[in-house]
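*Asks:* I'd like to ask you about the structure that follows.
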Amino acid sequence: MSTNNRPLSPHIQVYRWQFTMVLSILHRATGAGLALGALLMAWWLMAAVTGVGAFAQFHEFTHSLIGQLMLAGWVWAFVFHFLNGIRHLVWDTGRGFTIKGASRSGQAVFLLSLIGTALVWVAA
Amino acid sequence: MKKNKDSIRTPLGRARGLGSSKEGTHHWWMQRVTSIALLPLSLYWLFQLKHITETDHGDFTAWLHQPVNGIAAVLFIIASFYHAMLGVQVIIEDYVHGEGAKIVTLLLNKLAFFTAGAVCIFAVLYINFAPVAQAGN
């Protein structure tokens, strides 16, 4: 049985972009970013084990412009993935599946992720 | 597949037992279990962000030396690395198509997250079991 010559179903390029699609791919993108951040956590903890010098180096990096940008991006990615993850868990219970409901919860998640990031940044 | 051409086994009989149906539910379920575990654990870390980015070495190790922070750290590491490994696995399965490349990247994914997770847990325990005075060295 050959699977190479089967017709392909239309992919995303034939559809008009919609907000819920953007959020869907953002959930994956932020997840991948956070996974990279989790690997960086190993560097940070090992720096703390190695000693004062290595920890100071890490501290210097997180307070450089690149480090601060990365940290800000990471905080937003976390807040977004956290809130959208709750949205997914609610869907798992079978609720909120209407077009209107999914759009509304999506807009709420996006707005709250920006507010949450700002709050964390001011507090920390 | 050629040698199966003359087989009298049905297509369903040949396909059964292959593919994601072997463990799809477990993957899905563990993703939910770890995500629910991460709701309180990750919030705890977010609220402790100051202790992570705004301290020197002595203050940080002293903070991590407290049992509640050490335990929260180990739990967070287990749940987050498991969750990340499951997520990256799905991304690989979606985008890496060659059978060989897929197996290699899936293997690297598992090894990378298990290794990094073990390194993190080791680091937390190392700081926790060191005497307080030495932890500040």
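As shown in the structure tokens, the chain order sets the letters A, B, ...; within each chain, residues go from 1, and ligands are also counted from 1 in the order they appear.
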Got a sec to pull out which chain A residues are within 7 Å of chain B, counting only C-alpha atoms, and send them as an NGL selection string?

*Replies:* :A and (32 or 35 or 39 or 42 or 45-46 or 48-49 or 51-52 or 55 or 59 or 124)

*Asks:* If DSSP is run on the backbone, what residues of chain A are alpha helix (DSSP H)? A reply as a ChimeraX atom specification would be ideal.

*Replies:* /A:19-50,52-62,65-92,99-123

*Asks:* Between A:Ala38, A:Ala54, A:Met21, A:Val14, which one has atoms that come closest to Ile78 in chain B, using only C-alpha atoms?

*Replies:* A:Ala38

*Asks:* As an exercise, work out the distance from CA of Val122 in chain A to CA of Ala108 in chain A in Å and give it to one decimal place.

*Replies:*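 Interatomic distance, CA of Val122 in chain A to CA of Ala108 in chain A: 21.1 Å.
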
*Asks:* What's the 9 Å shell around Leu83 in chain A, counting only C-alpha atoms, without same-chain residues fewer than 6 positions away, as a PyMOL selection string?

*Replies:* chain A and resi 109-110+112-113

*Asks:* Limited to C-alpha atoms, could you put the picked residues into a file as an mmCIF file, in the first residue's frame?

*Replies:*
data_model
loop_
_atom_site.group_PDB
_atom_site.id
_atom_site.type_symbol
_atom_site.label_atom_id
_atom_site.label_comp_id
_atom_site.auth_asym_id
_atom_site.auth_seq_id
_atom_site.Cartn_x
_atom_site.Cartn_y
_atom_site.Cartn_z
ATOM 1 C CA VAL A 109 -5.823 34.984 28.057
ATOM 2 C CA PHE A 110 -3.810 37.280 25.780
ATOM 3 C CA LEU A 112 -4.180 38.864 31.060
ATOM 4 C CA SER A 113 -0.783 37.559 29.928
#
